[in-house]
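For reference, protein_25.txt (compact mmCIF, C-alpha atoms):
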```txt
# COMPACT_ATOMS: atom_id res chain seq x y z
CA MET A 26 0.00 0.00 0.00
CA LYS A 27 1.48 3.32 -1.11
CA VAL A 28 1.10 6.49 0.87
CA LEU A 29 1.05 9.71 -1.16
CA ASN A 30 2.89 12.58 0.50
CA ARG A 31 1.32 15.89 -0.44
CA PRO A 32 3.63 18.90 -0.82
CA THR A 33 2.72 20.77 2.37
CA GLY A 34 4.71 23.85 1.25
CA VAL A 35 2.65 24.35 -1.92
CA ALA A 36 -0.58 23.75 -0.06
CA PHE A 37 0.37 26.34 2.56
CA LEU A 38 1.18 28.92 -0.13
CA LEU A 39 -2.14 28.29 -1.87
CA TRP A 40 -4.02 28.58 1.41
CA THR A 41 -2.24 31.85 2.25
CA LEU A 42 -3.04 33.27 -1.19
CA ALA A 43 -6.71 32.33 -0.81
CA VAL A 44 -6.92 34.00 2.60
CA GLU A 45 -5.35 37.20 1.24
CA LEU A 46 -7.79 37.29 -1.65
CA VAL A 47 -10.73 36.91 0.74
CA LEU A 48 -9.39 39.65 2.99
CA CYS A 49 -8.86 41.98 0.04
CA GLY A 50 -12.35 41.30 -1.26
CA SER A 51 -13.93 41.99 2.11
CA GLY A 52 -11.99 45.21 2.62
CA ALA A 53 -10.10 43.88 5.64
CA LEU A 54 -6.79 44.93 4.05
CA VAL A 55 -7.08 48.69 3.68
CA SER A 56 -4.23 50.61 2.09
CA ASN A 57 -2.94 53.77 3.74
CA ASN A 58 -0.76 55.39 1.11
CA THR A 59 -1.35 58.88 2.51
CA LYS A 60 1.18 58.04 5.22
CA ASN A 61 3.84 58.52 2.54
CA CYS A 62 3.16 62.24 2.77
CA LYS A 63 5.34 63.95 5.37
CA LEU A 64 3.51 66.88 6.86
CA PHE A 65 5.22 70.26 7.07
CA SER A 66 4.02 70.37 10.67
CA GLU A 67 2.79 67.02 11.96
CA SER A 68 -0.73 67.11 13.43
CA VAL A 69 -3.60 64.72 13.98
CA SER A 70 -6.12 67.00 12.26
CA GLU A 71 -4.07 67.19 9.05
CA ARG A 72 -3.58 63.42 9.05
CA LYS A 73 -7.32 63.05 9.28
CA VAL A 74 -7.76 65.37 6.30
CA LEU A 75 -5.22 63.37 4.29
CA SER A 76 -7.03 60.12 5.08
CA ARG A 77 -10.08 61.48 3.24
CA LEU A 78 -7.96 61.56 0.08
CA GLU A 79 -6.97 57.88 0.22
CA PRO A 80 -9.11 56.94 -2.85
CA LEU A 81 -7.05 59.37 -4.95
CA THR A 82 -3.71 57.70 -4.26
CA ASN A 83 -1.84 55.60 -6.85
CA ASN A 84 -3.09 57.85 -9.67
CA ASN A 85 -1.15 60.24 -11.87
CA PHE A 86 -3.20 63.32 -12.83
CA THR A 87 -1.93 64.99 -16.00
CA VAL A 88 -2.89 68.28 -17.65
CA GLN A 89 -1.39 70.28 -20.52
CA THR A 90 -1.38 74.07 -20.86
CA LYS A 91 -0.38 76.43 -23.67
CA ASN A 92 0.50 80.09 -23.36
CA GLY A 93 1.61 81.47 -26.68
CA ASP A 94 4.69 79.57 -27.78
CA GLU A 95 5.10 78.01 -24.34
CA SER A 96 3.61 74.59 -23.63
CA TYR A 97 3.79 72.75 -20.34
CA THR A 98 2.57 69.45 -18.95
CA TYR A 99 1.84 69.12 -15.24
CA VAL A 100 1.72 65.80 -13.39
CA PHE A 101 0.25 65.47 -9.89
CA LYS A 102 0.28 62.42 -7.65
CA LEU A 103 -1.09 62.20 -4.14
CA CYS A 104 1.62 61.13 -1.68
CA GLY A 105 3.57 59.44 -4.45
CA ASP A 106 6.28 60.04 -7.03
CA ALA A 107 4.73 62.15 -9.79
CA GLY A 108 6.06 61.06 -13.18
CA GLY A 109 8.31 58.56 -11.41
CA ILE A 110 10.52 61.33 -9.99
CA GLN A 111 11.61 60.54 -6.46
CA GLY A 112 9.93 62.75 -3.84
CA ALA A 113 8.04 64.88 -6.36
CA GLY A 114 4.34 65.52 -5.71
CA VAL A 115 3.82 67.88 -8.67
CA ILE A 116 6.15 68.30 -11.63
CA GLN A 117 6.22 70.55 -14.69
CA LEU A 118 7.46 69.28 -18.06
CA ASP A 119 8.42 71.67 -20.85
CA LYS A 120 8.54 70.90 -24.58
CA SER A 121 11.82 69.07 -24.17
CA GLN A 122 10.27 66.98 -21.34
CA LYS A 123 12.69 68.52 -18.86
CA PRO A 124 11.09 68.09 -15.40
CA THR A 125 10.81 70.86 -12.86
CA ILE A 126 9.64 69.91 -9.39
CA VAL A 127 6.82 72.25 -8.36
CA GLY A 128 6.28 70.69 -4.92
CA ARG A 129 7.43 67.73 -2.85
CA TYR A 130 5.19 65.46 -0.81
CA ASN A 131 7.76 65.30 2.02
CA SER A 132 6.66 68.85 2.84
CA THR A 133 2.88 68.63 2.78
CA GLN A 134 0.17 70.73 4.33
CA ALA A 135 -3.51 69.72 4.29
CA ILE A 136 -6.48 71.90 5.23
CA GLY A 137 -10.01 70.54 4.97
CA GLY A 138 -13.56 71.85 5.06
CA SER A 139 -16.90 70.12 4.98
CA ASP A 140 -16.78 69.55 1.20
CA TRP A 141 -13.29 70.56 0.11
CA VAL A 142 -9.60 69.92 0.83
CA MET A 143 -6.66 72.20 0.13
CA LEU A 144 -3.43 70.27 -0.37
CA MET A 145 -0.09 72.11 -0.48
CA TYR A 146 3.26 70.73 -1.59
CA ARG A 147 6.19 72.94 -0.62
CA ASN A 148 9.96 72.96 -1.26
CA GLY A 149 9.89 72.62 -5.03
CA ASP A 150 12.75 73.71 -7.29
CA SER A 151 13.79 77.34 -6.90
CA TYR A 152 12.71 80.01 -9.37
CA ASP A 153 15.43 81.25 -11.70
CA ALA A 154 14.48 84.94 -11.72
CA HIS A 155 11.03 85.34 -10.15
CA CYS A 156 9.78 85.49 -6.57
CA SER A 157 13.20 86.32 -5.10
CA LYS A 158 14.37 82.89 -6.30
CA GLU A 159 12.42 81.15 -3.56
CA THR A 160 11.29 77.53 -3.85
CA ARG A 161 8.14 76.67 -5.78
CA LYS A 162 4.89 75.68 -4.11
CA ALA A 163 1.86 73.82 -5.47
CA ILE A 164 -1.68 74.22 -4.14
CA VAL A 165 -4.26 71.62 -5.20
CA MET A 166 -7.90 72.45 -4.40
CA ILE A 167 -10.06 69.32 -4.29
CA TYR A 168 -13.81 69.97 -4.31
CA CYS A 169 -16.76 67.68 -3.63
CA ASN A 170 -18.54 66.26 -6.66
CA ARG A 171 -20.68 63.18 -5.99
CA LYS A 172 -21.02 62.49 -9.72
CA THR A 173 -17.37 61.54 -10.26
CA ASP A 174 -14.72 59.56 -8.40
CA MET A 175 -11.97 61.83 -9.70
CA SER A 176 -12.08 64.44 -12.46
CA GLN A 177 -9.37 65.80 -14.74
CA LEU A 178 -6.76 68.06 -13.18
CA GLU A 179 -7.08 71.73 -14.11
CA VAL A 180 -4.45 74.47 -13.98
CA ILE A 181 -5.95 77.68 -12.60
CA LEU A 182 -2.94 79.99 -12.46
CA GLU A 183 0.75 80.42 -11.69
CA ASP A 184 1.12 83.42 -9.43
CA ARG A 185 4.76 84.47 -9.71
CA GLU A 186 4.41 88.23 -10.08
CA ARG A 187 5.33 88.89 -6.46
CA ASP A 188 8.39 88.89 -4.25
CA GLN A 189 7.40 86.02 -1.97
CA GLU A 190 4.84 83.26 -1.49
CA CYS A 191 4.41 82.49 -5.20
CA PHE A 192 2.39 79.39 -6.01
CA TYR A 193 0.83 77.17 -8.68
CA LEU A 194 -2.91 76.62 -8.26
CA PHE A 195 -4.69 73.46 -9.45
CA GLU A 196 -8.25 72.20 -9.09
CA LEU A 197 -9.72 68.73 -8.97
CA ASP A 198 -13.21 67.33 -8.31
CA SER A 199 -13.80 64.11 -6.41
CA SER A 200 -16.49 62.37 -4.39
CA ALA A 201 -13.84 61.36 -1.85
CA VAL A 202 -14.07 64.72 -0.05
CA CYS A 203 -17.89 64.80 0.05
CA PRO A 204 -19.48 64.57 3.51
CA ALA A 205 -21.35 61.43 4.40
CA LEU A 206 -25.04 61.59 3.60
CA PRO A 207 -27.37 61.50 6.61
CA PRO A 208 -29.44 58.34 6.96
CA GLN A 209 -32.69 58.68 5.09
CA GLN A 210 -35.81 58.59 7.24
CA LEU A 211 -39.31 57.78 6.14
CA SER A 212 -41.77 60.65 6.16
CA THR A 213 -45.07 60.48 8.01
CA GLY A 214 -46.97 60.09 4.76
CA SER A 215 -44.77 57.16 3.70
CA ILE A 216 -45.32 55.41 7.03
CA ILE A 217 -49.09 55.86 6.77
CA LEU A 218 -49.04 54.57 3.18
CA ILE A 219 -47.04 51.47 4.16
CA ILE A 220 -49.40 50.72 7.06
CA GLY A 221 -52.42 51.16 4.76
CA VAL A 222 -50.98 48.80 2.15
CA CYS A 223 -50.20 46.18 4.81
CA LEU A 224 -53.71 46.38 6.27
CA LEU A 225 -55.23 46.12 2.80
CA ALA A 226 -53.10 43.06 2.04
CA VAL A 227 -54.13 41.40 5.32
CA TYR A 228 -57.80 42.19 4.63
CA LEU A 229 -57.74 40.79 1.09
CA ILE A 230 -55.70 37.67 1.84
CA GLY A 231 -57.44 36.88 5.12
CA GLY A 232 -60.90 37.54 3.68
CA PHE A 233 -60.19 35.41 0.62
CA LEU A 234 -59.03 32.47 2.74
CA TYR A 235 -62.04 32.78 5.06
CA GLN A 236 -64.54 32.92 2.19
CA ARG A 237 -62.97 29.99 0.39
CA LEU A 238 -62.08 27.67 3.28
CA VAL A 239 -64.80 28.43 5.81
CA VAL A 240 -67.77 29.70 3.82
CA GLY A 241 -66.95 27.61 0.74
CA ALA A 242 -67.51 30.45 -1.71
CA LYS A 243 -66.50 30.13 -5.36
CA GLY A 244 -65.61 32.59 -8.09
CA MET A 245 -66.12 36.28 -7.32
CA GLU A 246 -67.93 35.38 -4.13
CA GLN A 247 -64.52 34.62 -2.63
CA PHE A 248 -63.79 38.33 -2.53
CA PRO A 249 -64.34 39.56 1.06
CA ASN A 250 -67.58 41.52 1.53
CA TYR A 251 -68.35 41.09 -2.14
CA ALA A 252 -71.98 42.32 -1.91
CA PHE A 253 -70.91 45.45 -0.01
CA TRP A 254 -68.27 46.42 -2.56
CA VAL A 255 -70.66 45.77 -5.44
CA GLU A 256 -73.16 48.14 -3.81
CA VAL A 257 -70.40 50.71 -3.28
CA GLY A 258 -69.49 50.46 -6.94
CA ASN A 259 -73.10 50.93 -8.02
CA LEU A 260 -73.54 53.94 -5.74
CA THR A 261 -70.31 55.44 -7.04
CA ALA A 262 -71.44 54.98 -10.62
CA ASP A 263 -74.81 56.61 -9.82
CA GLY A 264 -73.09 59.54 -8.16
CA CYS A 265 -70.75 60.01 -11.10
CA ASP A 266 -73.67 59.85 -13.49
CA PHE A 267 -75.55 62.44 -11.43
CA VAL A 268 -72.60 64.86 -11.23
CA CYS A 269 -71.24 64.45 -14.74
CA ARG A 270 -74.56 64.22 -16.62
CA SER A 271 -74.70 66.73 -19.53
CA ARG A 272 -78.47 66.81 -20.03
CA SER A 273 -81.38 67.54 -17.75
CA ARG A 274 -82.72 64.58 -15.83
CA GLU A 275 -86.33 65.61 -16.56
CA GLU A 276 -85.82 65.92 -20.28
CA ALA A 277 -87.95 63.40 -22.12
CA PRO A 278 -86.27 61.25 -24.70
CA THR A 279 -87.00 62.37 -28.24
CA TYR A 280 -86.67 60.67 -31.57
CA ARG A 281 -86.17 62.32 -34.88
CA GLY A 282 -89.40 62.86 -36.75
CA VAL A 283 -91.65 62.26 -33.74
CA ALA A 284 -93.25 65.21 -31.92
CA THR A 285 -92.96 65.42 -28.18
CA GLU A 286 -96.35 67.12 -27.64
CA PRO A 287 -99.20 64.79 -26.58
CA LEU A 288 -101.62 63.95 -29.34
CA GLU A 289 -105.03 65.55 -29.07
CA ASP A 290 -107.95 63.24 -28.54
CA GLU A 291 -109.76 62.79 -31.79
CA PRO A 292 -113.54 62.97 -31.62
CA GLU A 293 -115.04 59.59 -31.35
CA GLU A 294 -116.63 58.57 -34.61
CA ARG A 295 -120.05 57.26 -34.03
CA ASP A 296 -121.15 54.45 -36.25
CA ASP A 297 -124.64 54.06 -34.91
CA HIS A 298 -126.07 54.76 -38.36
CA LEU A 299 -124.51 51.57 -39.60
CA LEU A 300 -126.44 49.43 -37.20
CA PRO A 301 -129.65 47.87 -38.55
CA MET A 302 -132.80 49.52 -37.39
```

How does the structure come out when it is put into structure tokens?
Amino acid sequence: MKVLNRPTGVAFLLWTLAVELVLCGSGALVSNNTKNCKLFSESVSERKVLSRLEPLTNNNFTVQTKNGDESYTYVFKLCGDAGGIQGAGVIQLDKSQKPTIVGRYNSTQAIGGSDWVMLMYRNGDSYDAHCSKETRKAIVMIYCNRKTDMSQLEVILEDRERDQECFYLFELDSSAVCPALPPQQLSTGSIILIIGVCLLAVYLIGGFLYQRLVVGAKGMEQFPNYAFWVEVGNLTADGCDFVCRSRSREEAPTYRGVATEPLEDEPEERDDHLLPM
């Protein structure tokens, strides 16, 4: 008698893979890529704001702009390497595809409202001649839009005509920053309607069973209180006929070619002269 030795190592790997798939499908394994962002000033409130943006991670948002002969492409990634450039949260590519880091995600600031989030990446590459040669800064405004998971990135402006605090402004719509909807409650009218429908169903089903099983009715007689509802229908029809009638109730029916006036009594013809004397 031969004993087959199963490869326990392969079986263990398959079992582990199956468990991971089940956990991923049930949402037990939740990613937290926003932890890759290093806050400019660490705080619990800003971490909470960043956690709202978790659905936007692992996505590169790209937009192209043209201003005369100049053409630029901007790439934004939430708490990740934009365009594959290490540490870059937002980059700018010129016609030659030379990258300029607009902001780094290791210097992040996050401010949130009820239906919006303002994300700032600081410590980008320094300006060559503008803004006192300070480092670049990117501001990404993310607004609530329940109709889309994430929209296209838009460039609003590059404010560099100042001595300090210059910035690039971007906008993005997403349902991730929308507040949770309050639980829907039934109105008083809906509750009354549901109760009425339930009572009607109990009346019809219970009455039908009673008429059929106890009384032994057949056909339409199985309908509960059949005679009463027939009478109600007749009275309703009479009332409708009375209200909606277009002619007078006392008007006598007439037929074409026949006068409505009563015929005068013709004098009785006497035929006594025809009798034999």

Smallest atom-to-atom distance to Ile126 in chain A: which of A:Lys158, A:Lys60, A:Arg147, A:Lys73, using all atoms listed in the file?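 Ranked by minimum distance to Ile126 in chain A, first place goes to A:Arg147.
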
9 Å contact set for Thr90 in chain A, all atoms listed in the file, chain neighbours under 3 positions out, as a PyMOL selection string: chain A and resi 95-99+180

Within 10 Å of Ala113 in chain A using only C-alpha atoms, minus same-chain residues under 4 positions, as a ChimeraX atom specification: /A:100-109,125-131,146,148-149

For Pro204 in chain A, the nearest of the candidates A:Cys156, A:Cys223, A:Cys169, A:Val255, counting only C-alpha atoms: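 Among A:Cys156, A:Cys223, A:Cys169, A:Val255, it is A:Cys169 that comes nearest to Pro204 in chain A.
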
Would you mind listing what lies within 10 Å of Leu81 in chain A as a ChimeraX atom specification, with all atoms listed in the file counted and same-chain residues fewer than 3 positions away left out? /A:58-59,77-78,84-86,102-104,174-175,199-201

In Å to one decimal, how far is CA of Ser176 in chain A from CA of Leu197 in chain A?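 Answer for the CA of Leu197 in chain A to CA of Ser176 in chain A separation: 6.0 Å.
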
Calculate how many Å separate CA of Leu144 in chain A from CA of Arg171 in chain A, rounding to one decimal.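 Rounded to one decimal, the two atoms are 19.5 Å apart.
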
What does the distance between CA of Glu183 in chain A and CA of Ser139 in chain A come to in Å, to one decimal place?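 CA of Ser139 in chain A lies 26.4 Å from CA of Glu183 in chain A.
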
Contact residues around range 191-196 of chain A with only C-alpha atoms at 9 Å, ignoring same-chain residues under 2 positions, as number ranges by chain: A: 127, 155-156, 159-168, 177-189, 198
